Amino acid sequence: MSVAPTADQMLRGEPDETPRHVRLKALGVAVTAGLVIVFMFTPRFVVWRGMIVARRLPFPEIHRAFDTLYQLQDLWAPADSHSNAVLAWRLLFPGIWYYGQLPALWFFALPFIGCVVTLWLVAWLNYRRLESWRLTWLATALFAALPWFFVSTGWLAYFDSWLMMGLLVVGFVPSRVALGLTCLLTPWIDERFVLALPVAIAVRLVALGYVEDRNWRAALVDLAVIVAASVPYPAIRAISWWRGDPGSSGYIERHWNEVQSVPVSRFLEGLWSGFRVSWLLIGAALCFTAQRLGARWGFLFAVLVIASSVASLFVAADMSRSLIIETPVMLLGIWLWGDLKLPRYSYVLSAILAANLLLPAAHVVWPFKIPIRYLYTEIDRYREPPVEFAADTYFQAAKMMREKGDRAEAERNYEIAIRLDHQFAPAYLGRASIRLEEGNVDDALADLETALKIKPDLPDALLMRAAIRRSRGEIFPAIEDLREALATAPADWPFREQTQSFLNDMTPKLSAPPPKESP
């Protein structure tokens, strides 16, 4: 007779779990942990509406997406913005989309797919090491509550999730085939992979036990694979720079001029925002490495981590996400601490996770800081969007263009208002009036029908539709529209007299007796 497993057994996992069950449970851990983090740290998805506006707006969530769309149309086209000049060398995914002629929408889904795959790998690695589903979930949620995840789920066309997966493979996956492919391909997703390699290699030496077991032969073979697979990217970049690549040279010059104006306090904010309370786990990784491998190895590891953390603040303006290079160290800290088999270790991880969930988080960039709010805040913001993403903003702009006589720009703004809010009846009415002026009667009538379906008592739309119906000989429907317009319009409606006169002019014609037939 089979006995149902206890809750504790289910949380710990059992030695006879099949690999398939482990993979499925790891996927469940990845999805649930990711959803919790998205709930607590929700992207400003209202800003994504800026893609509808089709204008460059000063929001990092969409800033890169425009240049990415141009890149998908012309792989070798230079970016208009100097901050996106790096796209010229991040060619792996754009190249696949460009030559495969794949839909752009799928391209923007890639970072989200990367989040799921990366967290799945994290959960699988955690369970193999920690042997407890409770600890696995806590460690995976801690791993997701970091800027790489915030950026990948909020900033369109940023591929930090795939960069993160590459660093995980280097740091923790024994397979040399996976190691070689990762080092060969990941730099073409994000060149920061090359800058992060020293830390990831150090993590690999500790996590896979190479230093502790003095397995120098295996370590050297891994290092040879990493070097051989990683060399092509920096070599090609160096040759291009030597031959006068204007994009790289100009980017570095502007970058240096900008960084000199950043106050020290902003650098400290950027440093904190990278991990917040999870810096304790990075500290644990350094302490336990020194404890297990000796003071010399611990000191060298600490110097590497500290130096790379400080240097990452100067690599790019978005400091929070630049600290991604230390994320494998945080995971190593969780593992080394877990190796002590402390009875209350899950409480430690729970406390750190709770602190990171409750303390404010932000994207910290050299010139500004963007707080990251939870789901209900972003839903409220979507319902009452900022002026840059409000339909009425572009409706008013269209009216101004009409007054200036620029019908093309007015129509474009009406269309933006409609795309931002499909239930914004006045925009349909405005576009209908322009289409009538252009002689496009059928499309104008379609806009009027839509406007009246949304708001049946819109007198201006009723008057305009009556005029179209009269011109087509549809007298009865035209009269009904005019009467409805007069009945629903406010007393001070400016077209009341015109409508009444229009109605009076049509009614006698309707009531006049038909002409007598001649004998």
# chains A, B, ... in the order shown; residues from 1 in each chain; ligands from 1
>>> residues_around(residues="segment 334-351 of chain A", least_positions_apart="4", cutoff="9 Å", atoms="only C-alpha atoms", output="PDB file with all heavy atoms, in the first residue's frame")
ATOM      1  N   ASN A 126      19.961  25.068  -7.863  1.00  0.00           N
ATOM      2  CA  ASN A 126      19.768  25.193  -6.419  1.00  0.00           C
ATOM      3  C   ASN A 126      19.338  23.870  -5.799  1.00  0.00           C
ATOM      4  O   ASN A 126      19.821  23.482  -4.729  1.00  0.00           O
ATOM      5  CB  ASN A 126      18.713  26.268  -6.120  1.00  0.00           C
ATOM      6  CG  ASN A 126      19.289  27.667  -6.145  1.00  0.00           C
ATOM      7  OD1 ASN A 126      20.442  27.884  -5.788  1.00  0.00           O
ATOM      8  ND2 ASN A 126      18.491  28.623  -6.586  1.00  0.00           N
ATOM      9  N   ARG A 129      22.103  21.371  -5.402  1.00  0.00           N
ATOM     10  CA  ARG A 129      23.066  21.696  -4.360  1.00  0.00           C
ATOM     11  C   ARG A 129      22.432  21.694  -2.962  1.00  0.00           C
ATOM     12  O   ARG A 129      23.031  21.178  -2.004  1.00  0.00           O
ATOM     13  CB  ARG A 129      23.669  23.078  -4.642  1.00  0.00           C
ATOM     14  CG  ARG A 129      24.745  23.533  -3.660  1.00  0.00           C
ATOM     15  CD  ARG A 129      26.048  22.789  -3.864  1.00  0.00           C
ATOM     16  NE  ARG A 129      27.110  23.278  -3.006  1.00  0.00           N
ATOM     17  CZ  ARG A 129      28.334  23.578  -3.409  1.00  0.00           C
ATOM     18  NH1 ARG A 129      28.630  23.444  -4.688  1.00  0.00           N
ATOM     19  NH2 ARG A 129      29.248  24.002  -2.573  1.00  0.00           N
ATOM     20  N   LEU A 130      21.268  22.270  -2.831  1.00  0.00           N
ATOM     21  CA  LEU A 130      20.655  22.459  -1.511  1.00  0.00           C
ATOM     22  C   LEU A 130      19.796  21.274  -1.070  1.00  0.00           C
ATOM     23  O   LEU A 130      19.523  21.121   0.125  1.00  0.00           O
ATOM     24  CB  LEU A 130      19.809  23.732  -1.517  1.00  0.00           C
ATOM     25  CG  LEU A 130      20.560  25.029  -1.821  1.00  0.00           C
ATOM     26  CD1 LEU A 130      19.581  26.187  -1.959  1.00  0.00           C
ATOM     27  CD2 LEU A 130      21.605  25.328  -0.768  1.00  0.00           C
ATOM     28  N   ARG A 134      12.158  23.788  -0.314  1.00  0.00           N
ATOM     29  CA  ARG A 134      11.923  25.040   0.417  1.00  0.00           C
ATOM     30  C   ARG A 134      13.091  26.002   0.192  1.00  0.00           C
ATOM     31  O   ARG A 134      12.888  27.175  -0.178  1.00  0.00           O
ATOM     32  CB  ARG A 134      11.758  24.765   1.908  1.00  0.00           C
ATOM     33  CG  ARG A 134      11.543  26.050   2.731  1.00  0.00           C
ATOM     34  CD  ARG A 134      11.620  25.800   4.207  1.00  0.00           C
ATOM     35  NE  ARG A 134      10.482  25.046   4.705  1.00  0.00           N
ATOM     36  CZ  ARG A 134      10.562  23.825   5.189  1.00  0.00           C
ATOM     37  NH1 ARG A 134      11.730  23.188   5.198  1.00  0.00           N
ATOM     38  NH2 ARG A 134       9.486  23.212   5.655  1.00  0.00           N
ATOM     39  N   LEU A 135      14.311  25.510   0.415  1.00  0.00           N
ATOM     40  CA  LEU A 135      15.486  26.365   0.206  1.00  0.00           C
ATOM     41  C   LEU A 135      15.628  26.750  -1.269  1.00  0.00           C
ATOM     42  O   LEU A 135      16.048  27.865  -1.589  1.00  0.00           O
ATOM     43  CB  LEU A 135      16.737  25.647   0.686  1.00  0.00           C
ATOM     44  CG  LEU A 135      16.837  25.377   2.191  1.00  0.00           C
ATOM     45  CD1 LEU A 135      18.109  24.595   2.515  1.00  0.00           C
ATOM     46  CD2 LEU A 135      16.812  26.691   2.977  1.00  0.00           C
ATOM     47  N   LEU A 138      13.265  29.686  -1.994  1.00  0.00           N
ATOM     48  CA  LEU A 138      13.761  30.928  -1.391  1.00  0.00           C
ATOM     49  C   LEU A 138      14.968  31.464  -2.163  1.00  0.00           C
ATOM     50  O   LEU A 138      15.057  32.662  -2.442  1.00  0.00           O
ATOM     51  CB  LEU A 138      14.134  30.677   0.070  1.00  0.00           C
ATOM     52  CG  LEU A 138      12.967  30.381   1.025  1.00  0.00           C
ATOM     53  CD1 LEU A 138      13.497  29.924   2.389  1.00  0.00           C
ATOM     54  CD2 LEU A 138      12.080  31.614   1.194  1.00  0.00           C
ATOM     55  N   ALA A 139      15.896  30.560  -2.504  1.00  0.00           N
ATOM     56  CA  ALA A 139      17.100  30.991  -3.222  1.00  0.00           C
ATOM     57  C   ALA A 139      16.745  31.511  -4.614  1.00  0.00           C
ATOM     58  O   ALA A 139      17.319  32.498  -5.094  1.00  0.00           O
ATOM     59  CB  ALA A 139      18.089  29.830  -3.322  1.00  0.00           C
ATOM     60  N   LEU A 142      15.151  34.950  -4.292  1.00  0.00           N
ATOM     61  CA  LEU A 142      16.211  35.937  -4.022  1.00  0.00           C
ATOM     62  C   LEU A 142      16.959  36.279  -5.299  1.00  0.00           C
ATOM     63  O   LEU A 142      17.313  37.437  -5.543  1.00  0.00           O
ATOM     64  CB  LEU A 142      17.184  35.382  -2.976  1.00  0.00           C
ATOM     65  CG  LEU A 142      16.764  35.542  -1.520  1.00  0.00           C
ATOM     66  CD1 LEU A 142      17.634  34.656  -0.614  1.00  0.00           C
ATOM     67  CD2 LEU A 142      16.887  36.996  -1.079  1.00  0.00           C
ATOM     68  N   ALA A 207      32.825  26.856  -6.887  1.00  0.00           N
ATOM     69  CA  ALA A 207      31.570  26.110  -6.869  1.00  0.00           C
ATOM     70  C   ALA A 207      31.743  24.666  -7.305  1.00  0.00           C
ATOM     71  O   ALA A 207      31.099  23.761  -6.753  1.00  0.00           O
ATOM     72  CB  ALA A 207      30.544  26.801  -7.765  1.00  0.00           C
ATOM     73  N   LEU A 281      24.712  38.088   1.273  1.00  0.00           N
ATOM     74  CA  LEU A 281      25.041  36.797   0.680  1.00  0.00           C
ATOM     75  C   LEU A 281      26.350  36.862  -0.096  1.00  0.00           C
ATOM     76  O   LEU A 281      27.095  35.875  -0.141  1.00  0.00           O
ATOM     77  CB  LEU A 281      23.894  36.353  -0.238  1.00  0.00           C
ATOM     78  CG  LEU A 281      22.568  36.102   0.483  1.00  0.00           C
ATOM     79  CD1 LEU A 281      21.442  35.913  -0.523  1.00  0.00           C
ATOM     80  CD2 LEU A 281      22.677  34.907   1.419  1.00  0.00           C
ATOM     81  N   ILE A 282      26.635  38.008  -0.693  1.00  0.00           N
ATOM     82  CA  ILE A 282      27.938  38.168  -1.356  1.00  0.00           C
ATOM     83  C   ILE A 282      29.038  38.188  -0.304  1.00  0.00           C
ATOM     84  O   ILE A 282      30.101  37.570  -0.471  1.00  0.00           O
ATOM     85  CB  ILE A 282      27.944  39.445  -2.211  1.00  0.00           C
ATOM     86  CG1 ILE A 282      26.984  39.271  -3.390  1.00  0.00           C
ATOM     87  CG2 ILE A 282      29.349  39.778  -2.697  1.00  0.00           C
ATOM     88  CD1 ILE A 282      26.879  40.458  -4.306  1.00  0.00           C
ATOM     89  N   ALA A 284      28.845  36.648   2.520  1.00  0.00           N
ATOM     90  CA  ALA A 284      28.959  35.260   2.970  1.00  0.00           C
ATOM     91  C   ALA A 284      29.827  34.458   2.008  1.00  0.00           C
ATOM     92  O   ALA A 284      30.633  33.604   2.442  1.00  0.00           O
ATOM     93  CB  ALA A 284      27.569  34.636   3.078  1.00  0.00           C
ATOM     94  N   ALA A 285      29.679  34.693   0.711  1.00  0.00           N
ATOM     95  CA  ALA A 285      30.499  33.977  -0.273  1.00  0.00           C
ATOM     96  C   ALA A 285      31.976  34.250  -0.047  1.00  0.00           C
ATOM     97  O   ALA A 285      32.814  33.334  -0.101  1.00  0.00           O
ATOM     98  CB  ALA A 285      30.089  34.390  -1.688  1.00  0.00           C
ATOM     99  N   PHE A 288      33.041  32.551   3.511  1.00  0.00           N
ATOM    100  CA  PHE A 288      33.100  31.092   3.493  1.00  0.00           C
ATOM    101  C   PHE A 288      34.139  30.575   2.507  1.00  0.00           C
ATOM    102  O   PHE A 288      34.697  29.490   2.698  1.00  0.00           O
ATOM    103  CB  PHE A 288      31.726  30.516   3.167  1.00  0.00           C
ATOM    104  CG  PHE A 288      30.717  30.731   4.256  1.00  0.00           C
ATOM    105  CD1 PHE A 288      29.472  31.268   3.983  1.00  0.00           C
ATOM    106  CD2 PHE A 288      31.016  30.423   5.578  1.00  0.00           C
ATOM    107  CE1 PHE A 288      28.546  31.474   4.982  1.00  0.00           C
ATOM    108  CE2 PHE A 288      30.096  30.630   6.590  1.00  0.00           C
ATOM    109  CZ  PHE A 288      28.854  31.162   6.301  1.00  0.00           C
ATOM    110  N   THR A 289      34.411  31.335   1.459  1.00  0.00           N
ATOM    111  CA  THR A 289      35.503  30.950   0.554  1.00  0.00           C
ATOM    112  C   THR A 289      36.835  31.002   1.295  1.00  0.00           C
ATOM    113  O   THR A 289      37.664  30.086   1.184  1.00  0.00           O
ATOM    114  CB  THR A 289      35.535  31.878  -0.668  1.00  0.00           C
ATOM    115  OG1 THR A 289      34.325  31.732  -1.403  1.00  0.00           O
ATOM    116  CG2 THR A 289      36.709  31.543  -1.567  1.00  0.00           C
ATOM    117  N   VAL A 329      28.185  35.386  -7.684  1.00  0.00           N
ATOM    118  CA  VAL A 329      28.803  35.369  -6.347  1.00  0.00           C
ATOM    119  C   VAL A 329      27.719  35.265  -5.276  1.00  0.00           C
ATOM    120  O   VAL A 329      27.878  34.557  -4.277  1.00  0.00           O
ATOM    121  CB  VAL A 329      29.660  36.641  -6.133  1.00  0.00           C
ATOM    122  CG1 VAL A 329      30.330  36.602  -4.763  1.00  0.00           C
ATOM    123  CG2 VAL A 329      30.703  36.777  -7.234  1.00  0.00           C
ATOM    124  N   MET A 330      26.596  35.950  -5.485  1.00  0.00           N
ATOM    125  CA  MET A 330      25.498  35.863  -4.527  1.00  0.00           C
ATOM    126  C   MET A 330      24.969  34.440  -4.435  1.00  0.00           C
ATOM    127  O   MET A 330      24.719  33.914  -3.343  1.00  0.00           O
ATOM    128  CB  MET A 330      24.374  36.810  -4.941  1.00  0.00           C
ATOM    129  CG  MET A 330      23.290  36.980  -3.888  1.00  0.00           C
ATOM    130  SD  MET A 330      21.698  37.544  -4.554  1.00  0.00           S
ATOM    131  CE  MET A 330      21.014  35.978  -5.119  1.00  0.00           C
ATOM    132  N   ALA A 355      13.192  41.145   3.554  1.00  0.00           N
ATOM    133  CA  ALA A 355      13.758  42.497   3.570  1.00  0.00           C
ATOM    134  C   ALA A 355      13.863  43.058   2.160  1.00  0.00           C
ATOM    135  O   ALA A 355      13.533  44.230   1.916  1.00  0.00           O
ATOM    136  CB  ALA A 355      15.125  42.473   4.244  1.00  0.00           C
ATOM    137  N   ASN A 356      14.294  42.240   1.212  1.00  0.00           N
ATOM    138  CA  ASN A 356      14.414  42.726  -0.162  1.00  0.00           C
ATOM    139  C   ASN A 356      13.055  43.005  -0.799  1.00  0.00           C
ATOM    140  O   ASN A 356      12.925  43.861  -1.675  1.00  0.00           O
ATOM    141  CB  ASN A 356      15.181  41.713  -1.010  1.00  0.00           C
ATOM    142  CG  ASN A 356      16.667  42.034  -1.086  1.00  0.00           C
ATOM    143  OD1 ASN A 356      17.106  43.058  -0.569  1.00  0.00           O
ATOM    144  ND2 ASN A 356      17.435  41.177  -1.713  1.00  0.00           N
TER     145      ASN A 356
END
>>> residues_around(residues="Arg407 of chain A", least_positions_apart="5", cutoff="7 Å", atoms="only C-alpha atoms", output="PyMOL selection string")
chain A and resi 401-402+434
>>> atom_distance(atom1="atom CA of Trp48 of chain A", atom2="atom CA of Asp380 of chain A")
15.0 Å
>>> closest_atom_pairs(of="segment 305-329 of chain A", to="segment 147-160 of chain A", cutoff="10 Å", atoms="only C-alpha atoms", output="CSV")
residue,atom,partner,partner_atom,distance
A:Met319,CA,A:Pro147,CA,9.6
A:Ser320,CA,A:Pro147,CA,6.1
A:Arg321,CA,A:Pro147,CA,5.2
A:Ser322,CA,A:Trp148,CA,8.7
A:Leu323,CA,A:Pro147,CA,8.3
A:Ile324,CA,A:Trp148,CA,6.4
A:Ile325,CA,A:Trp148,CA,9.9
A:Thr327,CA,A:Trp148,CA,9.0
>>> closest_residue(among="A:Pro477, A:Gly166, A:Pro111, A:Gly34", to="Ala196 of chain A", atoms="only C-alpha atoms")
A:Gly166
>>> closest_atom_pairs(of="segment 240-326 of chain A", to="segment 364-374 of chain A", cutoff="8 Å", atoms="only C-alpha atoms", output="JSON lines")
{"residue": "A:Val259", "atom": "CA", "partner": "A:Trp366", "partner_atom": "CA", "distance": 7.5}
{"residue": "A:Val262", "atom": "CA", "partner": "A:Trp366", "partner_atom": "CA", "distance": 6.0}
{"residue": "A:Arg266", "atom": "CA", "partner": "A:Trp366", "partner_atom": "CA", "distance": 6.7}
{"residue": "A:Phe267", "atom": "CA", "partner": "A:Trp366", "partner_atom": "CA", "distance": 7.6}
{"residue": "A:Glu269", "atom": "CA", "partner": "A:Val364", "partner_atom": "CA", "distance": 6.9}
{"residue": "A:Gly270", "atom": "CA", "partner": "A:Val364", "partner_atom": "CA", "distance": 5.3}
{"residue": "A:Ser273", "atom": "CA", "partner": "A:Val364", "partner_atom": "CA", "distance": 6.9}
{"residue": "A:Ala317", "atom": "CA", "partner": "A:Trp366", "partner_atom": "CA", "distance": 5.1}
{"residue": "A:Asp318", "atom": "CA", "partner": "A:Val365", "partner_atom": "CA", "distance": 4.2}
{"residue": "A:Met319", "atom": "CA", "partner": "A:Val365", "partner_atom": "CA", "distance": 5.6}
{"residue": "A:Ser320", "atom": "CA", "partner": "A:Val364", "partner_atom": "CA", "distance": 5.5}
>>> write_last_selection(atoms="N, CA, C and O atoms", output="PDB file, in the first residue's frame")
ATOM      1  N   VAL A 259      30.505  60.635 -17.225  1.00  0.00           N
ATOM      2  CA  VAL A 259      30.717  60.026 -15.910  1.00  0.00           C
ATOM      3  C   VAL A 259      31.369  61.001 -14.934  1.00  0.00           C
ATOM      4  O   VAL A 259      31.195  60.894 -13.716  1.00  0.00           O
ATOM      5  N   VAL A 262      28.940  62.858 -12.440  1.00  0.00           N
ATOM      6  CA  VAL A 262      28.069  62.091 -11.539  1.00  0.00           C
ATOM      7  C   VAL A 262      28.544  62.278 -10.097  1.00  0.00           C
ATOM      8  O   VAL A 262      29.718  62.050  -9.792  1.00  0.00           O
ATOM      9  N   ARG A 266      25.355  59.390  -5.880  1.00  0.00           N
ATOM     10  CA  ARG A 266      24.627  58.595  -6.861  1.00  0.00           C
ATOM     11  C   ARG A 266      25.331  57.247  -7.092  1.00  0.00           C
ATOM     12  O   ARG A 266      24.682  56.219  -7.271  1.00  0.00           O
ATOM     13  N   PHE A 267      26.659  57.252  -7.044  1.00  0.00           N
ATOM     14  CA  PHE A 267      27.388  55.988  -7.163  1.00  0.00           C
ATOM     15  C   PHE A 267      27.071  55.065  -5.985  1.00  0.00           C
ATOM     16  O   PHE A 267      26.913  53.849  -6.158  1.00  0.00           O
ATOM     17  N   GLU A 269      24.288  55.068  -4.244  1.00  0.00           N
ATOM     18  CA  GLU A 269      22.922  54.570  -4.478  1.00  0.00           C
ATOM     19  C   GLU A 269      22.936  53.425  -5.492  1.00  0.00           C
ATOM     20  O   GLU A 269      22.230  52.424  -5.326  1.00  0.00           O
ATOM     21  N   GLY A 270      23.726  53.590  -6.529  1.00  0.00           N
ATOM     22  CA  GLY A 270      23.819  52.540  -7.542  1.00  0.00           C
ATOM     23  C   GLY A 270      24.378  51.253  -6.972  1.00  0.00           C
ATOM     24  O   GLY A 270      23.901  50.159  -7.281  1.00  0.00           O
ATOM     25  N   SER A 273      21.702  49.589  -4.819  1.00  0.00           N
ATOM     26  CA  SER A 273      20.553  49.100  -5.584  1.00  0.00           C
ATOM     27  C   SER A 273      20.842  47.781  -6.288  1.00  0.00           C
ATOM     28  O   SER A 273      19.908  47.069  -6.662  1.00  0.00           O
ATOM     29  N   ALA A 317      25.937  53.827 -17.679  1.00  0.00           N
ATOM     30  CA  ALA A 317      25.178  54.769 -16.870  1.00  0.00           C
ATOM     31  C   ALA A 317      24.175  54.067 -15.958  1.00  0.00           C
ATOM     32  O   ALA A 317      23.897  54.526 -14.858  1.00  0.00           O
ATOM     33  N   ASP A 318      23.612  52.949 -16.418  1.00  0.00           N
ATOM     34  CA  ASP A 318      22.617  52.230 -15.611  1.00  0.00           C
ATOM     35  C   ASP A 318      23.347  51.319 -14.626  1.00  0.00           C
ATOM     36  O   ASP A 318      23.533  50.135 -14.860  1.00  0.00           O
ATOM     37  N   MET A 319      23.719  51.906 -13.494  1.00  0.00           N
ATOM     38  CA  MET A 319      24.603  51.232 -12.541  1.00  0.00           C
ATOM     39  C   MET A 319      23.975  49.999 -11.922  1.00  0.00           C
ATOM     40  O   MET A 319      24.661  48.995 -11.685  1.00  0.00           O
ATOM     41  N   SER A 320      22.689  50.047 -11.613  1.00  0.00           N
ATOM     42  CA  SER A 320      22.041  48.913 -10.955  1.00  0.00           C
ATOM     43  C   SER A 320      22.257  47.632 -11.745  1.00  0.00           C
ATOM     44  O   SER A 320      22.659  46.603 -11.205  1.00  0.00           O
TER      45      SER A 320
END
>>> select_by_dssp(residues="segment 228-458 of chain A", states="helix (DSSP H, G or I)", output="number ranges by chain")
A: 228-230, 232-242, 246-259, 264-293, 295-315, 319-338, 345-358, 375-383, 387-389, 391-404, 407-420, 425-437, 441-454
>>> atom_distance(atom1="atom CA of Arg44 of chain A", atom2="atom CA of His363 of chain A")
11.6 Å
>>> closest_residue(among="A:Ala228, A:Ile379, A:Leu205, A:Ala141", to="Leu181 of chain A", atoms="only C-alpha atoms")
A:Ala228
>>> residues_around(residues="Ala178 of chain A", least_positions_apart="6", cutoff="10 Å", atoms="only C-alpha atoms", output="list in words")
Gly166, Val169, Val170 and Leu184 of chain A
>>> residues_around(residues="Ala104 of chain A", least_positions_apart="6", cutoff="12 Å", atoms="only C-alpha atoms", output="list in words")
Ala65, Phe66, Thr68, Leu69, Tyr70, Gln71, Leu72, Gln73, Phe93, Pro94, Ile96, Trp97, Tyr98, Leu110, Leu156 and Ala157 of chain A
>>> closest_residue(among="A:Val173, A:Ala145, A:Leu87, A:Ala218", to="Pro187 of chain A", atoms="only C-alpha atoms")
A:Leu87
>>> residues_around(residues="segment 450-467 of chain A", least_positions_apart="2", cutoff="10 Å", atoms="only C-alpha atoms", output="PyMOL selection string")
chain A and resi 422-430+432-433+436+444-448+469-490+493-496+498-499+502-503
